[in-house]
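Coordinates from structure_6.txt are shown below (compact mmCIF, C-alpha atoms and all ligand atoms).
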```
# COMPACT_ATOMS: atom_id res chain seq x y z
CA MET D 1 -57.27 -15.76 42.30
CA SER D 2 -53.52 -15.36 42.68
CA THR D 3 -51.88 -12.53 40.75
CA PRO D 4 -48.15 -13.28 40.54
CA ASN D 5 -45.67 -10.51 39.78
CA LEU D 6 -44.91 -9.71 36.16
CA LEU D 7 -42.00 -7.38 35.40
CA MET D 8 -42.72 -5.47 32.21
CA ILE D 9 -39.67 -4.42 30.19
CA GLY D 10 -40.69 -1.85 27.56
CA ASP D 11 -44.23 -0.97 26.57
CA ALA D 12 -47.49 -2.86 26.05
CA THR D 13 -50.68 -1.96 24.22
CA ASP D 14 -53.91 -1.17 26.09
CA GLU D 15 -55.39 -4.47 24.87
CA MET D 16 -52.46 -6.39 26.32
CA LEU D 17 -52.64 -4.54 29.61
CA SER D 18 -56.38 -5.06 29.98
CA ARG D 19 -55.90 -8.85 29.72
CA LEU D 20 -52.83 -8.89 31.95
CA THR D 21 -53.93 -6.68 34.84
CA THR D 22 -56.49 -9.17 36.13
CA GLU D 23 -53.98 -12.05 36.01
CA PHE D 24 -50.71 -10.48 37.20
CA THR D 25 -49.44 -7.75 39.50
CA ILE D 26 -47.57 -5.62 36.97
CA HIS D 27 -44.32 -3.85 37.79
CA ARG D 28 -42.96 -1.60 35.03
CA LEU D 29 -39.18 -1.51 34.73
CA ASP D 30 -39.28 2.07 33.40
CA GLU D 31 -41.06 3.16 36.60
CA ILE D 32 -38.58 1.52 38.97
CA ALA D 33 -36.18 4.21 40.17
CA ASP D 34 -33.73 1.89 41.96
CA LEU D 35 -33.69 -1.71 40.69
CA ASP D 36 -31.54 -3.01 43.59
CA LEU D 37 -33.93 -1.52 46.14
CA TRP D 38 -36.98 -2.89 44.25
CA ALA D 39 -35.32 -6.31 44.02
CA LYS D 40 -34.90 -6.53 47.80
CA GLU D 41 -38.68 -6.63 48.17
CA HIS D 42 -39.84 -8.16 44.86
CA GLY D 43 -36.85 -9.81 43.15
CA ALA D 44 -37.10 -13.29 44.68
CA VAL D 45 -40.87 -13.54 44.12
CA THR D 46 -40.90 -12.33 40.51
CA GLU D 47 -40.75 -15.36 38.22
CA VAL D 48 -41.84 -13.93 34.87
CA VAL D 49 -41.04 -10.96 32.64
CA MET D 50 -42.51 -9.55 29.45
CA THR D 51 -40.09 -7.92 27.00
CA ASN D 52 -39.56 -7.12 23.31
CA GLY D 53 -36.98 -7.57 20.56
CA HIS D 54 -35.30 -4.26 21.28
CA HIS D 55 -34.82 -4.46 25.05
CA GLY D 56 -34.34 -8.22 25.56
CA ILE D 57 -33.56 -9.04 29.19
CA PRO D 58 -30.87 -6.64 30.47
CA PRO D 59 -28.14 -8.27 32.63
CA SER D 60 -29.27 -6.08 35.55
CA VAL D 61 -32.74 -7.68 35.36
CA MET D 62 -31.29 -11.19 35.07
CA ALA D 63 -29.30 -10.48 38.25
CA ALA D 64 -32.24 -8.89 40.10
CA LEU D 65 -34.53 -11.91 39.51
CA PRO D 66 -32.83 -15.04 40.98
CA ASN D 67 -35.98 -17.15 40.46
CA LEU D 68 -36.85 -16.00 36.95
CA LYS D 69 -38.62 -18.88 35.17
CA ALA D 70 -40.10 -17.39 31.99
CA ALA D 71 -39.82 -14.45 29.60
CA ALA D 72 -42.44 -13.65 26.97
CA GLY D 73 -41.11 -11.60 24.06
CA TYR D 74 -43.24 -9.35 21.84
CA GLY D 75 -41.67 -9.82 18.40
CA VAL D 76 -40.09 -12.68 16.45
CA GLY D 77 -36.44 -11.60 16.78
CA TYR D 78 -34.74 -12.33 20.09
CA ASP D 79 -31.10 -11.46 19.40
CA ALA D 80 -31.26 -9.02 22.36
CA VAL D 81 -31.83 -11.97 24.72
CA ASP D 82 -28.81 -13.87 26.07
CA THR D 83 -30.23 -17.31 25.22
CA ASP D 84 -27.20 -19.20 26.59
CA ALA D 85 -27.68 -17.56 29.99
CA CYS D 86 -31.44 -18.32 29.90
CA VAL D 87 -30.91 -21.98 28.99
CA ALA D 88 -28.22 -22.33 31.69
CA ARG D 89 -30.69 -21.03 34.28
CA GLY D 90 -33.66 -22.98 32.88
CA ILE D 91 -35.54 -19.80 31.91
CA LYS D 92 -38.15 -20.44 29.23
CA VAL D 93 -38.39 -17.73 26.54
CA SER D 94 -41.18 -17.22 24.01
CA HIS D 95 -41.47 -15.03 20.90
CA THR D 96 -44.18 -14.27 18.33
CA PRO D 97 -43.37 -16.12 15.09
CA ASN D 98 -45.66 -16.31 12.02
CA VAL D 99 -48.22 -13.65 12.99
CA LEU D 100 -46.04 -10.92 11.41
CA ASN D 101 -44.83 -12.77 8.30
CA GLY D 102 -47.22 -11.03 5.90
CA GLU D 103 -46.64 -7.54 7.27
CA VAL D 104 -42.84 -7.70 7.16
CA ALA D 105 -43.14 -9.11 3.63
CA ASN D 106 -45.36 -6.13 2.72
CA THR D 107 -42.68 -3.79 4.07
CA ALA D 108 -40.03 -5.45 1.90
CA LEU D 109 -42.28 -4.99 -1.15
CA LEU D 110 -42.96 -1.37 -0.22
CA LEU D 111 -39.21 -0.68 -0.12
CA LEU D 112 -38.65 -2.59 -3.37
CA LEU D 113 -41.23 -0.57 -5.29
CA ALA D 114 -40.27 2.73 -3.67
CA GLY D 115 -36.62 2.14 -4.55
CA MET D 116 -36.90 0.86 -8.11
CA ARG D 117 -39.67 3.28 -9.14
CA GLU D 118 -37.94 6.15 -7.27
CA PHE D 119 -41.08 7.01 -5.34
CA ARG D 120 -39.39 9.69 -3.21
CA ARG D 121 -38.08 11.63 -6.20
CA ASP D 122 -41.24 11.34 -8.28
CA GLU D 123 -43.52 12.30 -5.40
CA ALA D 124 -41.39 15.41 -4.84
CA TRP D 125 -41.47 16.07 -8.61
CA ALA D 126 -45.27 16.13 -8.55
CA ARG D 127 -45.49 18.20 -5.35
CA SER D 128 -42.79 20.77 -6.08
CA GLY D 129 -43.97 21.98 -9.47
CA ASP D 130 -40.97 20.37 -11.22
CA TRP D 131 -43.39 18.67 -13.57
CA GLU D 132 -44.65 22.04 -14.85
CA MET D 133 -41.20 23.71 -14.80
CA GLN D 134 -38.98 20.88 -16.05
CA GLY D 135 -41.30 18.49 -17.82
CA ASN D 136 -41.59 14.76 -17.30
CA ALA D 137 -39.64 13.08 -14.52
CA PRO D 138 -36.70 10.89 -15.64
CA LEU D 139 -37.46 7.22 -16.24
CA THR D 140 -37.12 4.62 -13.47
CA ARG D 141 -36.64 0.82 -13.42
CA SER D 142 -39.30 -1.88 -13.38
CA PRO D 143 -39.29 -4.56 -10.68
CA ASP D 144 -40.87 -6.97 -13.19
CA GLY D 145 -38.81 -9.96 -14.27
CA LYS D 146 -35.80 -9.15 -12.09
CA THR D 147 -33.62 -11.61 -10.15
CA ILE D 148 -34.23 -11.18 -6.44
CA GLY D 149 -32.00 -12.83 -3.85
CA ILE D 150 -33.35 -13.56 -0.40
CA LEU D 151 -30.83 -13.82 2.43
CA GLY D 152 -32.67 -16.00 5.00
CA LEU D 153 -35.53 -18.10 3.61
CA GLY D 154 -37.43 -18.86 6.81
CA ARG D 155 -41.01 -17.99 7.75
CA ILE D 156 -40.81 -14.36 6.59
CA GLY D 157 -38.38 -14.99 3.71
CA GLN D 158 -40.77 -17.55 2.20
CA GLU D 159 -43.67 -15.12 2.52
CA ILE D 160 -41.61 -12.48 0.71
CA ALA D 161 -40.87 -15.01 -2.05
CA LYS D 162 -44.59 -15.81 -2.34
CA ARG D 163 -45.56 -12.16 -2.65
CA LEU D 164 -42.76 -11.44 -5.16
CA SER D 165 -44.38 -13.88 -7.60
CA ILE D 166 -46.69 -11.03 -8.72
CA PHE D 167 -43.62 -9.39 -10.27
CA ASP D 168 -42.72 -12.56 -12.16
CA ALA D 169 -39.35 -12.35 -10.40
CA LYS D 170 -36.68 -15.04 -10.45
CA ILE D 171 -36.15 -15.92 -6.78
CA VAL D 172 -32.80 -17.21 -5.50
CA TYR D 173 -31.69 -17.58 -1.88
CA HIS D 174 -28.83 -18.01 0.55
CA THR D 175 -29.13 -19.73 3.93
CA ARG D 176 -26.76 -22.01 5.86
CA SER D 177 -28.64 -25.14 4.81
CA LYS D 178 -30.42 -25.80 1.50
CA LYS D 179 -34.23 -25.80 1.76
CA ASP D 180 -36.83 -27.90 -0.01
CA VAL D 181 -38.12 -25.04 -2.15
CA PRO D 182 -38.40 -24.44 -5.91
CA PHE D 183 -35.75 -21.67 -5.94
CA ASP D 184 -32.04 -21.76 -6.84
CA TYR D 185 -29.79 -22.08 -3.79
CA TYR D 186 -26.44 -20.30 -3.41
CA SER D 187 -24.09 -21.49 -0.71
CA ASN D 188 -22.00 -18.35 -1.33
CA LEU D 189 -23.59 -14.97 -0.60
CA VAL D 190 -21.16 -12.94 -2.75
CA GLU D 191 -21.87 -15.15 -5.75
CA MET D 192 -25.60 -14.77 -5.23
CA ALA D 193 -25.33 -10.97 -4.91
CA ALA D 194 -23.40 -10.83 -8.20
CA ASP D 195 -26.32 -12.56 -9.97
CA CYS D 196 -29.06 -10.41 -8.38
CA ASP D 197 -30.78 -7.11 -9.13
CA VAL D 198 -32.10 -6.94 -5.58
CA LEU D 199 -30.91 -8.51 -2.31
CA VAL D 200 -33.45 -8.78 0.53
CA CYS D 201 -32.10 -9.45 4.05
CA ILE D 202 -34.42 -11.36 6.38
CA THR D 203 -32.23 -13.46 8.69
CA PRO D 204 -32.20 -13.17 12.48
CA GLY D 205 -29.64 -10.81 14.02
CA GLY D 206 -26.90 -12.03 16.37
CA ALA D 207 -23.34 -13.28 16.05
CA SER D 208 -23.80 -15.64 13.08
CA THR D 209 -25.15 -12.90 10.79
CA ASP D 210 -23.18 -9.93 12.12
CA LYS D 211 -22.18 -7.72 9.12
CA ILE D 212 -22.72 -10.71 6.82
CA VAL D 213 -23.63 -8.15 4.15
CA ASN D 214 -20.16 -6.61 3.85
CA ARG D 215 -18.31 -4.50 1.26
CA GLU D 216 -17.74 -7.50 -0.99
CA VAL D 217 -21.43 -8.43 -1.04
CA LEU D 218 -22.53 -4.82 -1.65
CA GLU D 219 -20.07 -4.31 -4.49
CA ALA D 220 -21.10 -7.65 -6.04
CA LEU D 221 -24.70 -6.38 -6.05
CA GLY D 222 -23.34 -3.48 -8.07
CA PRO D 223 -24.15 0.03 -9.32
CA GLU D 224 -27.61 -0.99 -10.55
CA GLY D 225 -28.32 -3.21 -7.55
CA MET D 226 -30.68 -2.59 -4.65
CA LEU D 227 -30.25 -3.72 -1.04
CA ILE D 228 -33.34 -4.16 1.16
CA ASN D 229 -32.94 -4.78 4.88
CA VAL D 230 -36.00 -5.74 6.96
CA SER D 231 -34.09 -7.99 9.37
CA ARG D 232 -31.68 -6.39 11.85
CA GLY D 233 -29.29 -3.46 11.43
CA SER D 234 -26.40 -5.67 12.57
CA VAL D 235 -26.75 -7.85 9.45
CA VAL D 236 -25.37 -5.08 7.19
CA ASP D 237 -21.99 -3.36 7.61
CA GLU D 238 -23.41 0.18 7.71
CA ALA D 239 -20.07 1.93 7.12
CA ALA D 240 -19.47 -0.24 4.04
CA LEU D 241 -23.04 0.45 2.88
CA ILE D 242 -22.53 4.22 3.14
CA ALA D 243 -19.23 3.98 1.24
CA ALA D 244 -20.79 1.82 -1.50
CA LEU D 245 -23.74 4.21 -1.95
CA ASP D 246 -21.53 7.33 -1.91
CA SER D 247 -19.12 5.92 -4.50
CA GLY D 248 -21.93 4.63 -6.73
CA LYS D 249 -20.72 1.04 -6.35
CA LEU D 250 -24.23 0.16 -5.05
CA GLY D 251 -27.36 1.54 -6.72
CA CYS D 252 -29.73 2.11 -3.81
CA ALA D 253 -30.89 0.78 -0.46
CA GLY D 254 -34.27 0.41 1.26
CA LEU D 255 -33.73 0.15 5.00
CA ASP D 256 -36.15 -0.47 7.87
CA VAL D 257 -33.45 -1.29 10.43
CA PHE D 258 -30.13 0.28 11.46
CA GLU D 259 -27.04 -0.58 13.49
CA GLY D 260 -27.59 2.00 16.23
CA GLU D 261 -31.34 2.57 15.99
CA PRO D 262 -33.14 4.81 16.63
CA HIS D 263 -30.06 6.73 15.47
CA ILE D 264 -29.63 6.83 11.68
CA PRO D 265 -26.32 8.14 10.29
CA ASN D 266 -26.64 11.47 8.46
CA ALA D 267 -24.98 9.98 5.38
CA LEU D 268 -27.98 7.65 5.00
CA LYS D 269 -30.52 10.36 5.82
CA THR D 270 -29.18 12.78 3.21
CA SER D 271 -28.50 10.25 0.44
CA ALA D 272 -30.72 10.38 -2.63
CA ARG D 273 -30.06 6.63 -2.99
CA THR D 274 -31.87 5.54 0.19
CA ILE D 275 -35.44 4.88 1.25
CA LEU D 276 -35.59 4.88 5.06
CA LEU D 277 -38.20 3.61 7.50
CA PRO D 278 -38.11 3.77 11.34
CA HIS D 279 -38.23 -0.02 12.01
CA VAL D 280 -41.91 -0.39 11.17
CA GLY D 281 -41.76 -3.78 9.43
CA SER D 282 -44.59 -5.23 11.54
CA ALA D 283 -46.04 -1.92 12.74
CA THR D 284 -49.66 -2.01 11.64
CA ARG D 285 -52.54 -2.01 14.10
CA GLU D 286 -53.68 -5.43 12.92
CA THR D 287 -50.30 -7.15 13.11
CA ARG D 288 -49.26 -5.56 16.40
CA ALA D 289 -52.61 -6.67 17.88
CA ALA D 290 -51.88 -10.24 16.80
CA MET D 291 -48.35 -10.07 18.23
CA GLY D 292 -49.70 -8.64 21.49
CA ALA D 293 -52.37 -11.33 21.74
CA LEU D 294 -49.81 -14.11 21.24
CA THR D 295 -47.48 -12.56 23.84
CA VAL D 296 -50.30 -12.45 26.39
CA ASP D 297 -51.45 -15.98 25.44
CA ASN D 298 -47.93 -17.21 26.23
CA LEU D 299 -47.99 -15.50 29.64
CA LEU D 300 -51.42 -16.89 30.51
CA GLN D 301 -50.44 -20.40 29.49
CA TRP D 302 -47.28 -20.14 31.56
CA LYS D 303 -49.38 -19.03 34.52
CA ALA D 304 -51.81 -21.93 33.97
CA ASP D 305 -49.38 -24.83 33.50
CA GLY D 306 -45.81 -23.54 33.34
CA THR D 307 -45.46 -24.05 29.57
CA LEU D 308 -45.20 -21.60 26.65
CA ILE D 309 -47.12 -21.77 23.36
CA THR D 310 -44.34 -20.47 21.09
CA PRO D 311 -40.99 -21.03 22.82
CA ILE D 312 -37.82 -20.01 20.97
CA PRO D 313 -36.07 -23.12 19.58
CA GLU D 314 -33.17 -22.88 22.07
CA CYS D 315 -35.62 -23.23 25.00
CA ALA D 316 -38.07 -25.71 23.48
CA HIS D 317 -36.57 -28.61 25.50
CA LEU D 318 -36.97 -26.87 28.86
O1 LIG C 1 -29.31 -20.71 7.82
P1 LIG C 1 -30.53 -21.54 8.02
O2 LIG C 1 -30.55 -22.70 7.07
O3 LIG C 1 -30.77 -21.86 9.47
O4 LIG C 1 -31.76 -20.59 7.54
C1 LIG C 1 -32.22 -19.51 8.32
C2 LIG C 1 -31.56 -18.18 7.92
N1 LIG C 1 -30.30 -17.93 8.63
C3 LIG C 1 -29.14 -17.67 8.00
N2 LIG C 1 -28.83 -17.58 6.70
C4 LIG C 1 -27.54 -17.34 6.38
N3 LIG C 1 -26.56 -17.16 7.30
C5 LIG C 1 -26.83 -17.24 8.61
N4 LIG C 1 -25.84 -17.07 9.50
C6 LIG C 1 -28.16 -17.51 9.02
N5 LIG C 1 -28.79 -17.66 10.22
C7 LIG C 1 -30.08 -17.91 9.95
O5 LIG C 1 -32.52 -17.18 8.29
C8 LIG C 1 -33.67 -19.24 7.97
O6 LIG C 1 -33.92 -19.50 6.61
C9 LIG C 1 -33.84 -17.75 8.22
C10 LIG C 1 -34.57 -17.43 9.53
O7 LIG C 1 -35.86 -17.91 9.44
P2 LIG C 1 -36.83 -18.02 10.72
O8 LIG C 1 -36.10 -18.60 11.86
O9 LIG C 1 -38.09 -18.69 10.24
O10 LIG C 1 -37.11 -16.52 11.12
P3 LIG C 1 -38.27 -15.53 10.62
O11 LIG C 1 -39.51 -15.75 11.39
O12 LIG C 1 -38.36 -15.56 9.13
O13 LIG C 1 -37.66 -14.13 11.11
C11 LIG C 1 -36.39 -13.67 10.67
C12 LIG C 1 -35.99 -12.39 11.35
C13 LIG C 1 -36.24 -12.29 12.84
O14 LIG C 1 -35.29 -12.98 13.61
C14 LIG C 1 -36.17 -10.79 13.08
O15 LIG C 1 -34.84 -10.40 13.26
C15 LIG C 1 -36.66 -10.22 11.76
O16 LIG C 1 -36.75 -11.33 10.84
O17 LIG C 1 -37.95 -9.67 11.94
```

Represent the supplied structure as structure tokens.
Amino acid sequence: MSTPNLLMIGDATDEMLSRLTTEFTIHRLDEIADLDLWAKEHGAVTEVVMTNGHHGIPPSVMAALPNLKAAAGYGVGYDAVDTDACVARGIKVSHTPNVLNGEVANTALLLLLAGMREFRRDEAWARSGDWEMQGNAPLTRSPDGKTIGILGLGRIGQEIAKRLSIFDAKIVYHTRSKKDVPFDYYSNLVEMAADCDVLVCITPGGASTDKIVNREVLEALGPEGMLINVSRGSVVDEAALIAALDSGKLGCAGLDVFEGEPHIPNALKTSARTILLPHVGSATRETRAAMGALTVDNLLQWKADGTLITPIPECAHL
């Protein structure tokens, strides 16, 4: 059986590797000391790469692989991939939609509850002895019956809306085009933020959403408002977020993603108004296994017939 080259950008789980090693000859980018030298021997005969939402396909790899035909991404977001360049070269790209919807929605709910019920403070109150020394912890806010705005009502956004129904929340949303859903639509994000207790960001990253949550949106959300970001760090203007939290113009923020991750600004780390997670929206064993399986399925299908199971929309015609 032939085992074509596969260039692996970033990591893979043991389960993924055990399925891939019998089908491909794997070259790991992080083990290649000199890419130009490697490319002289392997570049022209390497037609497929595996990558993830963080690394995308670096320009150096695009240049080193003149006959690249397919790229399988582990993750649903692909803003790190230059899709125009891929389409221009006829490179098919896949991602892993749907299999992580529930988990990312769970993460949004975790941040919502932790923020409104001040989980960090109350947990410390119980642990530190403050309860005995100072008495009962101050009251918090209930998530029940609040107005929750969802920025981006796609696969994951709709799952978040479904799970929020347990709080009897009023759901509203902002996207570029109105959807056929039983929720109020706002064509203006600032106006929606002004009417919301909580704003949940779950759009893709990239140019069209860059810093879409700006000072105006954050201040419209207001001193009692909560921002939740489980999309991409680029969607929120981080400097404006820090200023809004520091001045009390925004109540609190639950963040899984950051502009310069894995770096998190100190102002966010030290703020009592933030709940922070290290980009773990989909990071459970079960969900990562499903994402890994779909990534490998895409690679095996490409090897079998040159097609992908879950191509990104931009490449679906290729
Ligand atoms: O705008 P529309 O009508 O295309 O709706 C999409 C919305 N969206 C935007 N909303 C406002 N302004 C924009 N510039 C904008 N661009 C896109 O985001 C749609 O409702 C939603 C994306 O939904 P899906 O494509 O189904 O993505 P999915 O699977 O929900 O994942 C969203 C993102 C990933 O790209 C990762 O960055 C992250 O969640 O894990």

Within 7 Å of ligand LIG 1 (chain C) (counting all atoms listed in the file), which residues show up? I'd like them as a ChimeraX atom specification.
/D:76-78,97-98,101,151-157,174-178,202-205,208-209,230-232

Can you list, as a PyMOL selection string, every protein, DNA or RNA residue that comes within 8 Å of range 245-256 of chain D when you count all atoms listed in the file, leaving out same-chain residues fewer than 3 positions away?
chain D and resi 111-112+115+218-219+221-231+241-242+271+273-281

Quick one: of D:Val200, D:Leu100, D:Ala290, D:Val61, who's nearest to Asp36 in chain D, counting only C-alpha atoms?
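Of the candidates, the smallest distance to Asp36 in chain D is held by D:Val61.
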
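Nearest residue to Leu109 in chain D, choosing from D:Asn52, D:Ser165, D:Thr140, D:Asn67 and counting all atoms listed in the file: D:Ser165.
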
Work out how far CA of Ala239 in chain D is from CA of Gln158 in chain D, in Å to one decimal.
28.8 Å
